[in-house]
>>> print(open('protein23.cif').read())   # mmCIF, C-alpha atoms
data_structure
#
loop_
_atom_site.label_atom_id
_atom_site.label_comp_id
_atom_site.auth_asym_id
_atom_site.auth_seq_id
_atom_site.Cartn_x
_atom_site.Cartn_y
_atom_site.Cartn_z
CA MET A 1 20.72 20.58 -37.07
CA ARG A 2 19.44 18.20 -39.71
CA ILE A 3 16.84 15.79 -38.34
CA LEU A 4 15.20 12.83 -40.07
CA PHE A 5 11.77 12.13 -38.59
CA LEU A 6 10.41 8.65 -39.33
CA GLY A 7 6.73 7.79 -38.98
CA TYR A 8 3.78 10.03 -38.15
CA GLU A 9 3.64 13.04 -40.45
CA LYS A 10 1.70 15.34 -38.12
CA ASN A 11 2.34 15.85 -34.40
CA ILE A 12 3.55 18.55 -32.03
CA ILE A 13 7.08 17.12 -31.96
CA ILE A 14 7.58 17.96 -35.64
CA ASP A 15 6.25 21.48 -35.09
CA PHE A 16 8.59 21.88 -32.12
CA LEU A 17 11.68 20.61 -33.95
CA LYS A 18 11.03 22.73 -37.05
CA LYS A 19 11.42 25.93 -35.04
CA GLU A 20 15.20 25.59 -34.88
CA ASN A 21 16.09 22.62 -37.09
CA ASP A 22 15.93 21.37 -40.67
CA VAL A 23 13.45 18.47 -40.43
CA THR A 24 12.85 15.84 -43.11
CA ILE A 25 9.78 13.63 -42.65
CA CYS A 26 9.66 10.09 -44.03
CA LYS A 27 7.28 7.17 -43.52
CA ASP A 28 8.77 4.94 -46.25
CA LYS A 29 11.53 2.36 -45.89
CA ILE A 30 15.00 3.89 -45.67
CA ASP A 31 18.56 2.70 -46.27
CA ALA A 32 21.97 3.43 -44.73
CA GLU A 33 22.90 5.95 -47.41
CA MET A 34 19.89 8.10 -46.57
CA VAL A 35 20.51 8.46 -42.83
CA LYS A 36 24.24 9.16 -42.71
CA ASP A 37 23.92 12.89 -43.42
CA PHE A 38 21.52 13.60 -40.56
CA ASP A 39 22.52 14.67 -37.04
CA TYR A 40 19.54 12.94 -35.41
CA VAL A 41 17.04 10.33 -36.51
CA ILE A 42 13.75 10.16 -34.59
CA SER A 43 11.30 7.26 -34.99
CA TYR A 44 7.69 7.68 -33.89
CA GLY A 45 4.99 5.41 -35.29
CA TYR A 46 7.39 4.06 -37.91
CA THR A 47 6.30 0.62 -39.14
CA HIS A 48 9.44 -0.61 -40.92
CA ILE A 49 12.15 -2.68 -39.24
CA LEU A 50 15.58 -1.06 -39.53
CA LYS A 51 18.54 -3.29 -40.38
CA LYS A 52 21.94 -3.17 -38.70
CA ASP A 53 23.61 -1.21 -41.51
CA VAL A 54 21.02 1.56 -41.14
CA LEU A 55 21.47 1.67 -37.36
CA ASP A 56 25.26 1.74 -37.70
CA ALA A 57 25.12 4.56 -40.25
CA CYS A 58 23.46 6.96 -37.80
CA LYS A 59 25.95 9.24 -36.07
CA LEU A 60 24.23 9.30 -32.70
CA GLY A 61 21.90 6.33 -32.98
CA ILE A 62 18.18 6.29 -33.74
CA ILE A 63 15.78 7.39 -31.02
CA ASN A 64 12.40 5.66 -30.88
CA LEU A 65 9.20 6.73 -29.11
CA HIS A 66 7.05 3.83 -27.91
CA ILE A 67 3.72 4.10 -26.10
CA SER A 68 4.31 1.38 -23.54
CA PHE A 69 6.26 1.07 -20.32
CA LEU A 70 9.12 -1.05 -21.66
CA PRO A 71 10.10 -3.84 -21.40
CA TRP A 72 6.36 -4.59 -21.31
CA ASN A 73 4.36 -4.76 -24.53
CA ARG A 74 7.02 -4.45 -27.18
CA GLY A 75 5.76 -4.68 -30.74
CA PHE A 76 2.24 -3.98 -32.01
CA TYR A 77 -0.75 -2.48 -30.17
CA PRO A 78 1.10 -1.92 -26.88
CA ASN A 79 -1.75 0.01 -25.30
CA PHE A 80 -4.29 -2.74 -25.99
CA TRP A 81 -2.06 -5.44 -24.50
CA SER A 82 -1.26 -3.40 -21.39
CA PHE A 83 -4.92 -3.74 -20.38
CA VAL A 84 -5.50 -7.28 -21.59
CA LYS A 85 -2.38 -8.54 -19.78
CA ASP A 86 -2.74 -6.06 -16.90
CA THR A 87 0.82 -4.77 -17.12
CA LYS A 88 2.22 -1.37 -16.21
CA LYS A 89 1.10 1.43 -18.54
CA GLY A 90 3.26 4.28 -19.76
CA VAL A 91 5.57 5.68 -22.44
CA THR A 92 9.25 5.16 -23.24
CA ILE A 93 11.93 6.97 -25.24
CA HIS A 94 14.75 4.60 -26.14
CA PHE A 95 17.58 3.97 -28.56
CA MET A 96 16.85 1.49 -31.30
CA ASP A 97 18.87 -1.70 -31.75
CA GLU A 98 18.45 -4.78 -33.94
CA GLY A 99 15.58 -6.07 -31.80
CA ILE A 100 12.02 -4.73 -31.72
CA ASP A 101 11.67 -2.13 -28.95
CA THR A 102 14.59 -3.68 -27.03
CA GLY A 103 17.13 -0.84 -27.02
CA ASP A 104 18.50 1.13 -24.08
CA ILE A 105 16.02 3.41 -22.32
CA LEU A 106 16.61 7.16 -22.10
CA PHE A 107 13.41 8.46 -20.52
CA GLN A 108 10.25 6.80 -19.27
CA LYS A 109 6.98 7.75 -17.58
CA GLU A 110 4.26 5.64 -16.02
CA VAL A 111 0.68 6.68 -16.84
CA LYS A 112 -2.45 5.79 -14.85
CA PHE A 113 -5.94 5.20 -16.28
CA ASN A 114 -9.39 4.33 -14.93
CA ASN A 115 -11.69 1.57 -16.15
CA GLU A 116 -14.32 4.01 -17.41
CA GLN A 117 -12.02 5.37 -20.13
CA THR A 118 -12.20 3.97 -23.64
CA LEU A 119 -9.25 2.41 -25.45
CA GLU A 120 -9.28 5.39 -27.81
CA GLU A 121 -9.05 7.85 -24.92
CA THR A 122 -6.12 6.02 -23.35
CA TYR A 123 -4.33 5.87 -26.72
CA HIS A 124 -4.59 9.62 -27.26
CA ARG A 125 -3.48 10.24 -23.68
CA LEU A 126 -0.35 8.15 -24.25
CA ARG A 127 0.37 10.02 -27.49
CA GLU A 128 0.16 13.31 -25.60
CA GLU A 129 2.36 12.00 -22.78
CA ILE A 130 5.17 10.76 -24.99
CA GLU A 131 5.18 13.86 -27.17
CA CYS A 132 5.45 16.08 -24.08
CA LEU A 133 8.11 13.79 -22.59
CA PHE A 134 10.19 14.13 -25.74
CA ILE A 135 9.85 17.91 -25.96
CA ASP A 136 10.65 18.34 -22.25
CA ASN A 137 13.83 16.27 -22.67
CA TRP A 138 15.02 17.39 -26.11
CA ALA A 139 17.62 19.69 -24.55
CA ASN A 140 18.89 16.74 -22.46
CA ILE A 141 19.06 14.54 -25.56
CA ILE A 142 21.14 16.93 -27.68
CA SER A 143 23.43 17.76 -24.73
CA GLY A 144 23.89 14.10 -23.79
CA ASN A 145 22.42 14.74 -20.35
CA TYR A 146 20.92 11.29 -19.83
CA VAL A 147 21.83 7.83 -18.57
CA ARG A 148 21.28 4.90 -20.91
CA ARG A 149 19.57 2.09 -19.05
CA LYS A 150 19.48 -1.51 -20.24
CA GLN A 151 16.03 -3.05 -20.39
CA GLU A 152 15.19 -5.82 -17.95
CA LYS A 153 15.16 -9.32 -19.40
CA LYS A 154 11.56 -9.86 -18.40
CA GLY A 155 8.77 -8.17 -20.32
CA SER A 156 6.46 -9.05 -23.20
CA PHE A 157 6.19 -8.86 -26.98
CA HIS A 158 3.17 -9.06 -29.30
CA LEU A 159 2.73 -9.58 -33.01
CA LYS A 160 0.14 -7.81 -35.15
CA LYS A 161 -1.74 -11.04 -35.88
CA GLU A 162 -2.34 -11.77 -32.18
CA LEU A 163 -5.15 -9.22 -32.09
CA GLU A 164 -7.13 -11.12 -34.73
CA LYS A 165 -8.22 -13.91 -32.36
CA PHE A 166 -10.31 -11.50 -30.27
CA LYS A 167 -12.50 -10.50 -33.26
CA LEU A 168 -13.37 -7.08 -31.85
CA SER A 169 -15.50 -5.08 -34.31
CA ASN A 170 -14.70 -1.63 -32.89
CA PRO A 171 -12.27 -1.86 -29.96
CA TRP A 172 -11.57 1.88 -29.90
CA LYS A 173 -14.94 2.70 -28.33
CA ILE A 174 -14.81 -0.09 -25.75
CA LYS A 175 -14.36 0.97 -22.14
CA ILE A 176 -11.38 -0.55 -20.39
CA LYS A 177 -13.54 -2.50 -17.94
CA GLU A 178 -15.47 -3.99 -20.90
CA LEU A 179 -12.26 -4.80 -22.77
CA LYS A 180 -10.90 -6.69 -19.79
CA ALA A 181 -14.11 -8.71 -19.48
CA MET A 182 -14.25 -9.52 -23.21
CA THR A 183 -10.62 -10.65 -23.40
CA LYS A 184 -10.41 -12.54 -20.12
CA ARG A 185 -9.13 -16.06 -20.72
CA THR A 186 -10.71 -19.22 -19.38
CA ASP A 187 -8.87 -21.46 -16.91
CA LEU A 188 -8.28 -24.03 -19.65
CA GLU A 189 -6.77 -21.44 -21.99
CA ILE A 190 -4.31 -20.42 -19.29
CA ILE A 191 -3.47 -24.07 -18.59
CA ASP A 192 -2.87 -24.64 -22.30
CA GLU A 193 -0.36 -21.78 -22.38
CA VAL A 194 1.39 -23.11 -19.27
CA GLU A 195 1.64 -26.51 -20.95
CA ASN A 196 3.07 -24.98 -24.10
CA ILE A 197 5.70 -23.00 -22.19
CA ARG A 198 6.67 -25.98 -20.02
CA THR A 199 7.06 -28.14 -23.13
CA LYS A 200 9.53 -25.65 -24.59
CA ASN A 201 11.32 -25.24 -21.28
CA ASN A 202 11.76 -28.99 -20.91
CA VAL A 203 13.91 -28.87 -24.04
CA ASN A 204 16.05 -26.14 -22.44
CA TRP A 205 16.33 -28.24 -19.27
CA MET A 206 17.55 -31.27 -21.20
CA ASP A 207 20.10 -29.16 -23.10
CA ILE A 208 21.49 -27.86 -19.79
CA LEU A 209 21.67 -31.43 -18.50
CA ARG A 210 23.62 -32.56 -21.57
CA LEU A 211 26.10 -29.70 -21.17
CA ALA A 212 26.59 -30.49 -17.49
CA PHE A 213 27.32 -34.18 -18.09
CA LYS A 214 29.56 -33.37 -21.03
CA HIS A 215 31.79 -30.80 -19.32
CA ALA A 216 31.52 -31.70 -15.60
CA PRO A 217 30.04 -35.21 -15.28
CA SER A 218 31.17 -35.81 -11.69
CA ASP A 219 29.62 -32.60 -10.36
CA ALA A 220 26.54 -33.15 -12.50
CA ARG A 221 25.92 -36.59 -10.95
CA LYS A 222 26.10 -35.12 -7.43
CA LEU A 223 23.62 -32.40 -8.32
CA MET A 224 21.25 -34.88 -9.95
CA ALA A 225 21.32 -37.01 -6.80
CA LYS A 226 20.17 -33.96 -4.82
CA VAL A 227 17.48 -33.17 -7.39
CA ASN A 228 16.22 -36.74 -7.22
CA GLU A 229 16.16 -36.64 -3.43
CA HIS A 230 14.09 -33.46 -3.37
CA ASP A 231 11.78 -34.73 -6.10
CA GLY A 232 11.09 -37.73 -3.89
CA ARG A 233 10.11 -35.46 -1.04
CA ILE A 234 7.82 -33.46 -3.35
CA SER A 235 6.16 -36.72 -4.40
CA GLU A 236 5.50 -37.56 -0.74
CA LEU A 237 3.99 -34.12 -0.14
CA LEU A 238 1.74 -34.44 -3.18
CA SER A 239 0.51 -37.80 -1.91
CA GLU A 240 -0.19 -36.24 1.49
CA LEU A 241 -2.04 -33.39 -0.21
CA ALA A 242 -4.18 -35.79 -2.28
CA GLU A 243 -5.20 -37.73 0.83
CA ASN A 244 -5.65 -34.67 3.05
CA GLY A 245 -9.45 -34.72 2.85
#
>>> encode(input="protein23.cif", output="structure tokens")
Amino acid sequence: MRILFLGYEKNIIIDFLKKENDVTICKDKIDAEMVKDFDYVISYGYTHILKKDVLDACKLGIINLHISFLPWNRGFYPNFWSFVKDTKKGVTIHFMDEGIDTGDILFQKEVKFNNEQTLEETYHRLREEIECLFIDNWANIISGNYVRRKQEKKGSFHLKKELEKFKLSNPWKIKIKELKAMTKRTDLEIIDEVENIRTKNNVNWMDILRLAFKHAPSDARKLMAKVNEHDGRISELLSELAENG
């Protein structure tokens, strides 16, 4: 089989695939014309975003290897954010779609760490885990012996620039317990984020309200009466709480 391998140029997956396949390695940006002649396209540590025409040109889709337990920590530095945000750690093999790390999951494994390990140690462990997971399931992939699973709507996503605010001089050597302490947010920082999210969500709430009154005004008025009634009760409870000293 002809396989196009996007991303890291040296790893045990490439050595494994080369034993029985014709493997082309590429870390540069590709186009639809380039991928159409390959049987499989594997992405691992590839930094370019693939457009729809490239995805559509692949016969069997593009398989991506991501060192996080999706849907948590999509995007950049997934291992770092899994500790900072205290989310589930692990590795995921999934099909690529037009989003970033949002495609259907093929295989997944949770990985446990202890607080005495460094960020560098956990990163290398995740690399080992996902490479072994891929090799162990390669026969299932080429035979179609898997179940595609949609990702849950919840999860998280991080941009490359988000790491800059922490100003860590050498995060690789930091132990996990130290990393958690250094990146722990203050109460006010958390409140600020809540305020920001609620501000955005208030816009969504108003849009829903407009739709309701536009398409079903009678039902909308009945529902708003109930909302107002319950809001009144909440106000009474808050007053009781404030005076409950």
>>> closest_atom_pairs(input="protein23.cif", of="region 131-195 of chain A", to="region 54-70 of chain A", cutoff="9 Å", atoms="all atoms listed in the file", output="CSV")
residue,atom,partner,partner_atom,distance
A:Glu131,CA,A:Leu65,CA,8.4
A:Phe134,CA,A:Leu65,CA,8.2
A:Gln151,CA,A:Leu70,CA,7.3
A:Glu152,CA,A:Leu70,CA,8.6
A:Gly155,CA,A:Leu70,CA,7.3
A:Ser156,CA,A:Leu70,CA,8.6
>>> atom_distance(input="protein23.cif", atom1="CA of Gly45 (chain A)", atom2="CA of Glu178 (chain A)")
26.7 Å
>>> atom_distance(input="protein23.cif", atom1="CA of Val147 (chain A)", atom2="CA of Glu110 (chain A)")
17.9 Å
>>> atom_distance(input="protein23.cif", atom1="CA of Thr186 (chain A)", atom2="CA of Asp86 (chain A)")
15.6 Å
>>> closest_residue(input="protein23.cif", among="A:Leu237, A:Ile105, A:Ile30, A:Ile197", to="Lys51 (chain A)", atoms="only C-alpha atoms")
A:Ile30
>>> residues_around(input="protein23.cif", residues="Ile12 (chain A)", least_positions_apart="5", cutoff="12 Å", atoms="all atoms listed in the file", output="MDAnalysis selection string")
chainID A and resid 17:19 44 127:135
>>> resolve_selection(input="protein23.cif", expression="the PyMOL selection byres ((chain A and resi 89) around 10)", output="tab-separated table (two decimals) with C-alpha atoms, in the coordinates of the input")
chain	number	residue	atom	x	y	z
A	67	ILE	CA	3.72	4.10	-26.10
A	68	SER	CA	4.31	1.38	-23.54
A	69	PHE	CA	6.26	1.07	-20.32
A	70	LEU	CA	9.12	-1.05	-21.66
A	72	TRP	CA	6.36	-4.59	-21.31
A	73	ASN	CA	4.36	-4.76	-24.53
A	78	PRO	CA	1.10	-1.92	-26.88
A	79	ASN	CA	-1.75	0.01	-25.30
A	81	TRP	CA	-2.06	-5.44	-24.50
A	82	SER	CA	-1.26	-3.40	-21.39
A	83	PHE	CA	-4.92	-3.74	-20.38
A	86	ASP	CA	-2.74	-6.06	-16.90
A	87	THR	CA	0.82	-4.77	-17.12
A	88	LYS	CA	2.22	-1.37	-16.21
A	90	GLY	CA	3.26	4.28	-19.76
A	91	VAL	CA	5.57	5.68	-22.44
A	109	LYS	CA	6.98	7.75	-17.58
A	110	GLU	CA	4.26	5.64	-16.02
A	111	VAL	CA	0.68	6.68	-16.84
A	112	LYS	CA	-2.45	5.79	-14.85
A	113	PHE	CA	-5.94	5.20	-16.28
A	122	THR	CA	-6.12	6.02	-23.35
A	126	LEU	CA	-0.35	8.15	-24.25
>>> closest_residue(input="protein23.cif", among="A:Tyr40, A:Met206, A:Gly7, A:Lys177", to="Asn114 (chain A)", atoms="all atoms listed in the file")
A:Lys177
>>> residues_near_point(input="protein23.cif", point="(-8.9, 2.3, -26.7)", cutoff="8 Å", atoms="only C-alpha atoms", output="VMD selection string")
chain A and resid 79 to 80 117 to 123 171 to 176
>>> resolve_selection(input="protein23.cif", expression="the PyMOL selection byres ((chain A and resi 75) around 6)", output="PyMOL selection string")
chain A and resi 74+76+157-158
